[in-house]
>>> print(open('entry_22.cif').read())   # mmCIF, C-alpha atoms and all ligand atoms
data_work
#
loop_
_atom_site.label_atom_id
_atom_site.label_comp_id
_atom_site.auth_asym_id
_atom_site.auth_seq_id
_atom_site.Cartn_x
_atom_site.Cartn_y
_atom_site.Cartn_z
CA MET A 92 0.83 -17.31 43.79
CA GLU A 93 0.53 -13.71 44.95
CA LYS A 94 3.51 -12.60 47.05
CA ARG A 95 3.19 -9.96 49.77
CA LYS A 96 5.74 -8.04 51.75
CA PHE A 97 5.98 -9.87 55.06
CA GLY A 98 5.31 -7.03 57.46
CA ARG A 99 8.43 -5.10 58.43
CA SER A 100 10.73 -7.57 56.71
CA ASN A 101 12.01 -7.11 53.18
CA GLU A 102 10.73 -10.50 52.12
CA ALA A 103 8.19 -11.34 49.44
CA VAL A 104 6.16 -14.14 50.97
CA SER A 105 3.25 -16.07 49.46
CA ALA A 106 -0.17 -14.82 50.57
CA LEU A 107 -0.94 -18.42 51.55
CA GLY A 108 1.58 -20.56 53.35
CA MET A 109 1.66 -24.19 54.40
CA GLY A 110 1.05 -25.52 57.90
CA THR A 111 2.67 -28.80 58.90
CA TYR A 112 1.06 -29.72 62.20
CA TYR A 113 -0.62 -33.07 61.69
CA ASP A 114 -3.01 -33.77 64.50
CA VAL A 115 -3.50 -37.46 63.93
CA MET A 116 -6.36 -37.66 66.41
CA ASP A 117 -8.18 -34.90 64.55
CA THR A 118 -7.83 -36.57 61.15
CA ALA A 119 -8.81 -39.95 62.54
CA ALA A 120 -11.81 -38.40 64.27
CA LEU A 121 -12.98 -37.02 60.95
CA GLY A 122 -13.03 -40.59 59.65
CA LYS A 123 -10.36 -40.04 56.99
CA ALA A 124 -7.26 -42.00 56.16
CA VAL A 125 -4.21 -40.63 57.97
CA PRO A 126 -1.83 -39.23 55.33
CA GLY A 127 1.56 -40.93 55.22
CA ARG A 128 4.96 -39.26 55.41
CA ALA A 129 5.59 -39.50 51.65
CA GLU A 130 2.20 -37.93 50.89
CA LYS A 131 2.87 -35.04 53.27
CA ALA A 132 6.32 -34.39 51.81
CA GLU A 133 4.86 -34.56 48.30
CA GLY A 134 2.19 -32.08 49.38
CA ILE A 135 4.83 -29.63 50.62
CA ARG A 136 6.83 -30.01 47.40
CA LYS A 137 3.72 -29.46 45.28
CA GLY A 138 2.93 -26.32 47.28
CA ILE A 139 6.44 -24.96 46.70
CA GLU A 140 6.13 -25.65 42.97
CA LEU A 141 2.86 -23.69 43.02
CA GLY A 142 4.61 -20.70 44.63
CA MET A 143 3.87 -21.20 48.33
CA ASN A 144 7.22 -20.33 49.85
CA LEU A 145 6.06 -19.89 53.47
CA ILE A 146 6.39 -23.22 55.29
CA ASP A 147 5.48 -23.31 58.96
CA THR A 148 6.65 -25.92 61.46
CA ALA A 149 7.65 -26.04 65.15
CA GLU A 150 9.95 -28.08 67.32
CA VAL A 151 6.90 -29.65 69.02
CA TYR A 152 5.19 -30.68 65.77
CA MET A 153 7.91 -33.24 65.08
CA THR A 154 7.77 -32.22 61.41
CA GLU A 155 10.99 -30.22 61.09
CA GLN A 156 12.74 -33.25 59.63
CA LEU A 157 9.88 -33.82 57.20
CA VAL A 158 10.09 -30.18 56.08
CA GLY A 159 13.86 -30.51 55.75
CA GLU A 160 13.47 -33.53 53.50
CA ALA A 161 10.67 -31.96 51.45
CA ILE A 162 12.60 -28.77 50.66
CA LYS A 163 15.73 -30.56 49.48
CA GLY A 164 16.37 -29.75 45.84
CA PHE A 165 14.66 -26.34 45.98
CA ARG A 166 16.69 -23.13 46.09
CA ARG A 167 16.94 -22.32 49.78
CA ASP A 168 16.73 -18.55 49.23
CA ASP A 169 13.40 -18.95 47.41
CA LEU A 170 11.85 -20.35 50.59
CA PHE A 171 10.69 -18.75 53.83
CA VAL A 172 11.02 -21.46 56.47
CA ALA A 173 9.37 -20.68 59.79
CA THR A 174 9.72 -22.71 62.97
CA LYS A 175 9.05 -22.15 66.67
CA VAL A 176 10.63 -22.59 70.06
CA TRP A 177 8.33 -24.09 72.69
CA SER A 178 7.28 -22.02 75.72
CA SER A 179 9.19 -24.14 78.26
CA ARG A 180 12.49 -23.32 76.52
CA LEU A 181 12.47 -19.54 76.63
CA ARG A 182 15.46 -19.01 78.95
CA HIS A 183 18.44 -17.54 77.09
CA ASP A 184 20.59 -20.68 76.74
CA ASP A 185 17.59 -22.94 76.14
CA VAL A 186 16.55 -20.82 73.13
CA LEU A 187 20.05 -21.09 71.66
CA LYS A 188 20.11 -24.86 72.12
CA ALA A 189 16.57 -25.30 70.74
CA ALA A 190 17.48 -23.30 67.62
CA LEU A 191 20.53 -25.48 66.98
CA ARG A 192 18.42 -28.62 67.29
CA SER A 193 15.79 -27.18 64.90
CA LEU A 194 18.49 -26.26 62.38
CA ASP A 195 19.85 -29.76 62.59
CA ARG A 196 16.45 -31.37 62.02
CA LEU A 197 15.63 -28.98 59.17
CA GLY A 198 19.05 -29.57 57.61
CA CYS A 199 19.30 -25.79 57.09
CA GLU A 200 21.99 -23.26 57.86
CA TYR A 201 19.45 -20.66 58.86
CA ILE A 202 15.79 -20.28 59.87
CA ASP A 203 13.94 -17.49 58.06
CA LEU A 204 11.44 -16.86 60.84
CA TYR A 205 12.01 -18.05 64.41
CA GLN A 206 8.87 -17.70 66.50
CA VAL A 207 8.18 -17.95 70.22
CA HIS A 208 5.35 -20.52 70.15
CA TRP A 209 3.48 -19.30 73.25
CA PRO A 210 4.32 -16.63 75.81
CA ASN A 211 5.69 -17.81 79.16
CA PRO A 212 5.01 -15.37 82.01
CA GLY A 213 7.69 -17.15 84.09
CA VAL A 214 10.51 -15.96 81.83
CA PRO A 215 11.24 -12.26 81.25
CA VAL A 216 10.63 -11.61 77.58
CA GLY A 217 13.84 -9.54 77.46
CA GLU A 218 15.88 -12.67 78.25
CA THR A 219 14.25 -14.60 75.38
CA MET A 220 14.68 -11.70 72.97
CA ARG A 221 18.38 -11.38 73.89
CA ALA A 222 18.84 -14.98 72.74
CA MET A 223 16.80 -14.33 69.60
CA GLU A 224 19.01 -11.33 68.73
CA ARG A 225 22.11 -13.38 69.28
CA LEU A 226 20.80 -15.96 66.81
CA VAL A 227 20.19 -13.16 64.30
CA SER A 228 23.70 -11.75 64.80
CA GLU A 229 25.17 -15.24 64.27
CA GLY A 230 23.23 -15.61 61.00
CA LYS A 231 21.22 -18.57 62.29
CA VAL A 232 17.92 -16.68 62.23
CA ARG A 233 16.83 -13.99 59.79
CA TYR A 234 13.64 -12.67 61.39
CA ILE A 235 12.04 -12.88 64.83
CA GLY A 236 8.34 -13.61 65.31
CA VAL A 237 5.95 -14.57 68.08
CA SER A 238 2.83 -16.69 68.27
CA ASN A 239 -0.27 -16.52 70.46
CA PHE A 240 0.84 -13.11 71.78
CA GLY A 241 -1.70 -10.36 72.47
CA PRO A 242 -0.93 -6.79 71.37
CA LYS A 243 0.61 -5.80 74.70
CA GLN A 244 2.87 -8.86 74.69
CA VAL A 245 3.95 -8.14 71.10
CA GLN A 246 4.80 -4.59 72.14
CA GLU A 247 6.84 -5.80 75.13
CA ALA A 248 8.78 -8.25 72.98
CA ASP A 249 9.38 -5.59 70.35
CA GLU A 250 10.60 -3.08 72.91
CA ALA A 251 12.98 -5.67 74.38
CA LEU A 252 14.80 -5.93 71.04
CA SER A 253 17.61 -3.49 70.39
CA LYS A 254 18.69 -4.18 66.79
CA SER A 255 15.86 -6.31 65.40
CA GLU A 256 12.09 -6.04 65.32
CA ILE A 257 9.17 -8.41 65.76
CA VAL A 258 7.99 -9.04 62.21
CA SER A 259 4.97 -11.29 62.84
CA ASP A 260 2.49 -12.75 65.29
CA GLN A 261 0.94 -16.16 64.52
CA VAL A 262 -2.57 -16.50 65.93
CA GLU A 263 -5.77 -18.40 65.28
CA TYR A 264 -7.79 -16.51 62.70
CA SER A 265 -10.58 -17.67 60.38
CA LEU A 266 -14.17 -16.94 59.41
CA ARG A 267 -15.05 -18.93 62.56
CA CYS A 268 -12.50 -17.31 64.87
CA ARG A 269 -12.49 -13.53 64.47
CA ASP A 270 -10.81 -12.69 67.80
CA PRO A 271 -7.74 -10.99 66.24
CA GLU A 272 -9.97 -8.35 64.63
CA ALA A 273 -10.80 -6.70 67.96
CA GLU A 274 -7.31 -5.50 68.92
CA LEU A 275 -4.47 -7.52 67.45
CA LEU A 276 -5.07 -6.92 63.75
CA PRO A 277 -5.50 -3.14 64.16
CA TYR A 278 -2.34 -3.09 66.33
CA CYS A 279 -0.38 -5.05 63.70
CA GLU A 280 -1.68 -2.84 60.91
CA ARG A 281 -0.47 0.25 62.77
CA GLY A 282 2.95 -1.32 63.30
CA ASN A 283 3.22 -3.13 59.93
CA ILE A 284 3.51 -6.53 61.62
CA ALA A 285 2.44 -9.65 59.69
CA VAL A 286 -0.39 -11.76 61.11
CA VAL A 287 0.15 -15.43 60.32
CA ALA A 288 -3.31 -17.01 60.55
CA TYR A 289 -3.35 -20.55 61.94
CA CYS A 290 -6.31 -22.95 61.75
CA PRO A 291 -7.61 -20.78 58.86
CA LEU A 292 -10.09 -23.54 58.00
CA ALA A 293 -11.18 -23.87 61.63
CA ARG A 294 -9.52 -27.30 61.77
CA GLY A 295 -11.47 -28.51 58.75
CA GLU A 296 -14.90 -27.14 59.67
CA LEU A 297 -14.72 -24.47 56.94
CA ALA A 298 -14.08 -27.10 54.28
CA ARG A 299 -17.69 -28.20 54.85
CA PRO A 300 -19.35 -25.44 56.83
CA ALA A 301 -22.85 -25.97 58.14
CA GLY A 302 -25.73 -23.65 59.02
CA ARG A 303 -25.97 -20.06 57.88
CA LEU A 304 -22.24 -19.70 57.29
CA GLY A 305 -22.38 -22.86 55.20
CA GLU A 306 -25.13 -21.37 53.04
CA CYS A 307 -23.21 -18.11 52.52
CA VAL A 308 -19.93 -19.86 51.70
CA GLY A 309 -21.75 -22.35 49.47
CA LYS A 310 -23.40 -19.61 47.40
CA LEU A 311 -20.06 -17.91 46.72
CA ALA A 312 -18.36 -21.24 46.04
CA GLY A 313 -21.03 -21.89 43.38
CA LYS A 314 -20.68 -18.43 41.87
CA TYR A 315 -16.87 -18.60 41.52
CA GLY A 316 -16.55 -22.34 40.85
CA LYS A 317 -14.45 -22.73 44.00
CA THR A 318 -14.63 -25.03 47.03
CA PRO A 319 -15.85 -23.77 50.43
CA ALA A 320 -12.25 -24.02 51.73
CA GLN A 321 -11.04 -21.79 48.87
CA VAL A 322 -13.75 -19.19 49.55
CA SER A 323 -12.87 -19.16 53.27
CA LEU A 324 -9.15 -18.70 52.57
CA ASN A 325 -9.82 -16.04 49.93
CA TRP A 326 -11.93 -14.09 52.42
CA LEU A 327 -9.05 -14.21 54.90
CA ILE A 328 -6.32 -12.96 52.55
CA GLY A 329 -8.73 -10.21 51.49
CA ARG A 330 -9.01 -8.92 55.07
CA SER A 331 -5.60 -7.27 55.03
CA GLY A 332 -2.37 -7.37 53.06
CA LEU A 333 -0.69 -8.35 56.33
CA VAL A 334 -2.63 -11.60 56.82
CA PHE A 335 -0.87 -14.84 55.80
CA PRO A 336 -3.05 -17.94 56.37
CA ILE A 337 -1.22 -21.27 56.74
CA PRO A 338 -3.72 -24.06 56.03
CA ARG A 339 -2.19 -27.41 56.73
CA VAL A 340 -0.99 -29.33 53.70
CA SER A 341 -1.34 -33.08 54.04
CA ARG A 342 -1.22 -34.21 50.42
CA PRO A 343 -0.60 -32.75 46.93
CA GLU A 344 -4.33 -32.25 46.21
CA ARG A 345 -4.59 -29.99 49.26
CA ALA A 346 -1.68 -27.88 48.02
CA VAL A 347 -3.39 -27.47 44.64
CA GLU A 348 -6.72 -26.61 46.25
CA ASN A 349 -5.15 -24.11 48.64
CA ALA A 350 -3.07 -22.46 45.92
CA GLU A 351 -6.23 -21.86 43.90
CA ALA A 352 -7.72 -19.97 46.83
CA ALA A 353 -5.54 -17.00 45.76
CA GLY A 354 -5.35 -15.09 42.49
CA TRP A 355 -9.00 -13.97 42.47
CA SER A 356 -11.12 -11.89 44.84
CA LEU A 357 -14.55 -11.74 46.33
CA THR A 358 -16.12 -8.34 45.80
CA GLN A 359 -16.01 -5.96 48.77
CA ASP A 360 -19.73 -6.44 49.34
CA GLU A 361 -19.46 -10.21 49.20
CA ALA A 362 -16.59 -10.20 51.68
CA LEU A 363 -18.53 -7.91 54.00
CA LEU A 364 -21.67 -10.02 53.83
CA LEU A 365 -19.72 -13.24 54.32
CA GLY A 366 -18.12 -11.78 57.42
CA ARG A 367 -21.60 -11.13 58.80
CA CYS A 368 -22.97 -14.63 58.13
N1 LIG B 1 0.93 -21.34 66.56
C1 LIG B 1 0.09 -22.21 67.05
O1 LIG B 1 -0.13 -22.30 68.27
C2 LIG B 1 -0.63 -23.14 66.09
C3 LIG B 1 -1.70 -23.92 66.55
C4 LIG B 1 -2.34 -24.77 65.63
C5 LIG B 1 -1.90 -24.80 64.29
N2 LIG B 1 -0.83 -24.05 63.90
C6 LIG B 1 -0.35 -24.06 62.49
O2 LIG B 1 -1.43 -23.79 61.62
C7 LIG B 1 -1.54 -24.82 60.63
C8 LIG B 1 -2.97 -24.98 60.21
O3 LIG B 1 -3.81 -25.28 61.30
P1 LIG B 1 -4.62 -26.65 61.42
O4 LIG B 1 -3.88 -27.70 60.66
O5 LIG B 1 -4.86 -26.94 62.84
O6 LIG B 1 -6.02 -26.30 60.82
P2 LIG B 1 -6.64 -25.97 59.40
O7 LIG B 1 -5.63 -25.79 58.35
O8 LIG B 1 -7.64 -24.90 59.69
O9 LIG B 1 -7.47 -27.30 59.11
C9 LIG B 1 -6.87 -28.56 58.89
C10 LIG B 1 -7.99 -29.58 58.77
O10 LIG B 1 -8.81 -29.20 57.66
C11 LIG B 1 -8.94 -30.27 56.77
N3 LIG B 1 -9.02 -29.72 55.41
C12 LIG B 1 -8.26 -28.77 54.86
N4 LIG B 1 -8.66 -28.51 53.60
C13 LIG B 1 -9.69 -29.31 53.40
C14 LIG B 1 -10.52 -29.51 52.27
N5 LIG B 1 -10.37 -28.78 51.17
N6 LIG B 1 -11.50 -30.42 52.36
C15 LIG B 1 -11.65 -31.15 53.47
N7 LIG B 1 -10.88 -31.01 54.58
C16 LIG B 1 -9.91 -30.10 54.53
C17 LIG B 1 -7.67 -31.08 56.97
O11 LIG B 1 -7.88 -32.37 56.52
P3 LIG B 1 -6.73 -33.22 55.80
O12 LIG B 1 -5.92 -33.81 56.90
O13 LIG B 1 -7.48 -34.24 55.03
O14 LIG B 1 -5.96 -32.32 54.92
C18 LIG B 1 -7.49 -30.98 58.48
O15 LIG B 1 -8.33 -31.91 59.14
C19 LIG B 1 -0.91 -26.03 61.32
O16 LIG B 1 -0.55 -27.04 60.42
C20 LIG B 1 0.25 -25.38 62.04
O17 LIG B 1 1.34 -25.17 61.14
C21 LIG B 1 -0.23 -23.21 64.77
#
>>> encode(input="entry_22.cif", output="structure tokens", more="lines below")
Ligand SMILES: NC(=O)c1ccc[n+]([C@@H]2O[C@H](COP(=O)([O-])OP(=O)(O)OC[C@H]3O[C@@H](n4cnc5c(N)ncnc54)[C@H](OP(=O)(O)O)[C@@H]3O)[C@@H](O)[C@H]2O)c1
Amino acid sequence: MEKRKFGRSNEAVSALGMGTYYDVMDTAALGKAVPGRAEKAEGIRKGIELGMNLIDTAEVYMTEQLVGEAIKGFRRDDLFVATKVWSSRLRHDDVLKAALRSLDRLGCEYIDLYQVHWPNPGVPVGETMRAMERLVSEGKVRYIGVSNFGPKQVQEADEALSKSEIVSDQVEYSLRCRDPEAELLPYCERGNIAVVAYCPLARGELARPAGRLGECVGKLAGKYGKTPAQVSLNWLIGRSGLVFPIPRVSRPERAVENAEAAGWSLTQDEALLLGRC
């Protein structure tokens, strides 16, 4: 799996990571069997074996423990474990307590990337960042990230840090949701900040896209012998070396399919045309 420098950090992180938010309602609504805990853990382990070292969770996903169990037996320093603090816990002491609970559930001594899940206008960002820096100085967190922040909010968070920097912003980004391209992606490219792309398959829609987009994706899938999901993920990692999609991994077959979305490229023209479909 291709590794990329994760923004301003010094880390080599897999171009594709693994999401671990399992929206049971969503899966049930799609009429599929709900994957069990063992299947999910096996999926994460398969992904790691295939070189996907970026694993994303959050305190509110209730999957930190699952991630902790799945990564047992792998070299910790080969992995890039990312989790998030929820927006109602952004006061200084609440952040510190939330991080300790996450570490406990993950069974880890440190979190590679600790992200603010959503901004909270009721808490000064400087207060949250002070707690984040304390966690870094104590060795409990290696890098600080944010999620669902616009460019101005990323800038404010970054300016509130004295010794560290914001290394990433996690936002929704896919062939279906292009919002980050207007301002956020150019801002991150100027500042060398990684963009972690969530819902990169538009919550499953891009695994079987319909209409004109479906036709375009289908043609390329046929040409390269890939699935529509692989074409959609390949398009995304081709957008910028700073984009790290995190499709959710629910079983080993998904990890294999996602891993094979990297290591090849659409031509520039194909990527351009696909983006216009
Ligand atoms: N920061 C935030 O606020 C935020 C918000 C949402 C999500 N996230 C993160 O982003 C990750 C990914 O987002 P997501 O899980 O919502 O969406 P996603 O990865 O875009 O899509 C997941 C859906 O796609 C289906 N799928 C994936 N590959 C498929 C394939 N090849 N064929 C058929 N169906 C396929 C999955 O089904 P199966 O269940 O069968 O695999 C699931 O229903 C999450 O796990 C989480 O870590 C972050």
>>> residues_around(input="entry_22.cif", residues="stretch 212-222 of chain A", least_positions_apart="6", cutoff="7 Å", atoms="all atoms listed in the file", output="count of residues only")
8
>>> closest_atom_pairs(input="entry_22.cif", of="chain A", to="ligand LIG 1 (chain B)", cutoff="7 Å", atoms="all atoms listed in the file", output="CSV")
residue,atom,partner,partner_atom,distance
A:Met109,CA,B:LIG1,O17,6.8
A:Gly110,CA,B:LIG1,O17,3.3
A:Thr111,CA,B:LIG1,O16,4.0
A:Tyr112,CA,B:LIG1,O16,3.6
A:Tyr113,CA,B:LIG1,O16,6.2
A:Asp117,CA,B:LIG1,O15,6.2
A:Thr118,CA,B:LIG1,O15,5.1
A:Lys123,CA,B:LIG1,O13,6.8
A:Pro126,CA,B:LIG1,O12,7.0
A:Asp147,CA,B:LIG1,O17,5.0
A:Thr148,CA,B:LIG1,O17,5.4
A:His208,CA,B:LIG1,N1,5.8
A:Trp209,CA,B:LIG1,O1,6.8
A:Ser238,CA,B:LIG1,N1,5.3
A:Asn239,CA,B:LIG1,O1,6.2
A:Gln261,CA,B:LIG1,N1,5.6
A:Val262,CA,B:LIG1,N1,6.0
A:Glu263,CA,B:LIG1,C3,7.0
A:Tyr289,CA,B:LIG1,O2,3.8
A:Cys290,CA,B:LIG1,O8,3.1
A:Pro291,CA,B:LIG1,O8,4.2
A:Leu292,CA,B:LIG1,O8,3.3
A:Ala293,CA,B:LIG1,O8,4.2
A:Arg294,CA,B:LIG1,O9,3.4
A:Gly295,CA,B:LIG1,O10,3.0
A:Glu296,CA,B:LIG1,O10,6.7
A:Ala298,CA,B:LIG1,N6,4.6
A:Arg299,CA,B:LIG1,C15,6.9
A:Ala320,CA,B:LIG1,N5,5.1
A:Ile337,CA,B:LIG1,C7,5.3
A:Pro338,CA,B:LIG1,O7,3.5
A:Arg339,CA,B:LIG1,O16,4.1
A:Val340,CA,B:LIG1,O14,5.9
A:Ser341,CA,B:LIG1,O14,4.8
A:Arg342,CA,B:LIG1,O14,6.8
A:Arg345,CA,B:LIG1,N4,6.1
A:Glu348,CA,B:LIG1,N5,6.5
>>> residues_near_point(input="entry_22.cif", point="(-9.3, -18.8, 52.1)", cutoff="9 Å", atoms="only C-alpha atoms", output="PDB file with C-alpha atoms, in the frame of the given file")
ATOM      1  CA  LEU A 107      -0.940 -18.420  51.550  1.00  0.00           C
ATOM      2  CA  SER A 265     -10.580 -17.670  60.380  1.00  0.00           C
ATOM      3  CA  LEU A 266     -14.170 -16.940  59.410  1.00  0.00           C
ATOM      4  CA  PRO A 291      -7.610 -20.780  58.860  1.00  0.00           C
ATOM      5  CA  LEU A 292     -10.090 -23.540  58.000  1.00  0.00           C
ATOM      6  CA  PRO A 319     -15.850 -23.770  50.430  1.00  0.00           C
ATOM      7  CA  ALA A 320     -12.250 -24.020  51.730  1.00  0.00           C
ATOM      8  CA  GLN A 321     -11.040 -21.790  48.870  1.00  0.00           C
ATOM      9  CA  VAL A 322     -13.750 -19.190  49.550  1.00  0.00           C
ATOM     10  CA  SER A 323     -12.870 -19.160  53.270  1.00  0.00           C
ATOM     11  CA  LEU A 324      -9.150 -18.700  52.570  1.00  0.00           C
ATOM     12  CA  ASN A 325      -9.820 -16.040  49.930  1.00  0.00           C
ATOM     13  CA  TRP A 326     -11.930 -14.090  52.420  1.00  0.00           C
ATOM     14  CA  LEU A 327      -9.050 -14.210  54.900  1.00  0.00           C
ATOM     15  CA  ILE A 328      -6.320 -12.960  52.550  1.00  0.00           C
ATOM     16  CA  GLY A 329      -8.730 -10.210  51.490  1.00  0.00           C
ATOM     17  CA  PRO A 336      -3.050 -17.940  56.370  1.00  0.00           C
ATOM     18  CA  PRO A 338      -3.720 -24.060  56.030  1.00  0.00           C
ATOM     19  CA  ASN A 349      -5.150 -24.110  48.640  1.00  0.00           C
ATOM     20  CA  ALA A 352      -7.720 -19.970  46.830  1.00  0.00           C
ATOM     21  CA  ALA A 353      -5.540 -17.000  45.760  1.00  0.00           C
TER      22      ALA A 353
END
>>> atom_distance(input="entry_22.cif", atom1="atom CA of A:Gly316", atom2="atom CA of A:Ala106")
20.5 Å
>>> atom_distance(input="entry_22.cif", atom1="atom CA of A:Gly241", atom2="atom CA of A:Asn211")
12.4 Å
>>> closest_residue(input="entry_22.cif", among="A:Leu197, A:Val286, A:Leu364, A:Ala346", to="A:Ile135", atoms="all atoms listed in the file")
A:Ala346
>>> residues_around(input="entry_22.cif", residues="A:Cys368", least_positions_apart="2", cutoff="8 Å", atoms="only C-alpha atoms", output="PDB file with C-alpha atoms, in the coordinates of the input")
ATOM      1  CA  ARG A 303     -25.970 -20.060  57.880  1.00  0.00           C
ATOM      2  CA  LEU A 304     -22.240 -19.700  57.290  1.00  0.00           C
ATOM      3  CA  CYS A 307     -23.210 -18.110  52.520  1.00  0.00           C
ATOM      4  CA  LEU A 364     -21.670 -10.020  53.830  1.00  0.00           C
ATOM      5  CA  LEU A 365     -19.720 -13.240  54.320  1.00  0.00           C
ATOM      6  CA  GLY A 366     -18.120 -11.780  57.420  1.00  0.00           C
TER       7      GLY A 366
END
>>> residues_around(input="entry_22.cif", residues="A:Leu276", least_positions_apart="3", cutoff="10 Å", atoms="all atoms listed in the file", output="short mmCIF file (atom, residue, chain, number, x, y, z; two decimals) with C-alpha atoms, keeping the file's coordinate frame")
data_model
loop_
_atom_site.label_atom_id
_atom_site.label_comp_id
_atom_site.auth_asym_id
_atom_site.auth_seq_id
_atom_site.Cartn_x
_atom_site.Cartn_y
_atom_site.Cartn_z
CA GLY A 241 -1.70 -10.36 72.47
CA PRO A 242 -0.93 -6.79 71.37
CA ASP A 260 2.49 -12.75 65.29
CA ARG A 269 -12.49 -13.53 64.47
CA ASP A 270 -10.81 -12.69 67.80
CA PRO A 271 -7.74 -10.99 66.24
CA GLU A 272 -9.97 -8.35 64.63
CA ALA A 273 -10.80 -6.70 67.96
CA CYS A 279 -0.38 -5.05 63.70
CA GLU A 280 -1.68 -2.84 60.91
CA ARG A 281 -0.47 0.25 62.77
CA GLY A 282 2.95 -1.32 63.30
CA ASN A 283 3.22 -3.13 59.93
CA ILE A 284 3.51 -6.53 61.62
CA ALA A 285 2.44 -9.65 59.69
CA VAL A 286 -0.39 -11.76 61.11
CA ARG A 330 -9.01 -8.92 55.07
CA SER A 331 -5.60 -7.27 55.03
CA LEU A 333 -0.69 -8.35 56.33
CA VAL A 334 -2.63 -11.60 56.82
#
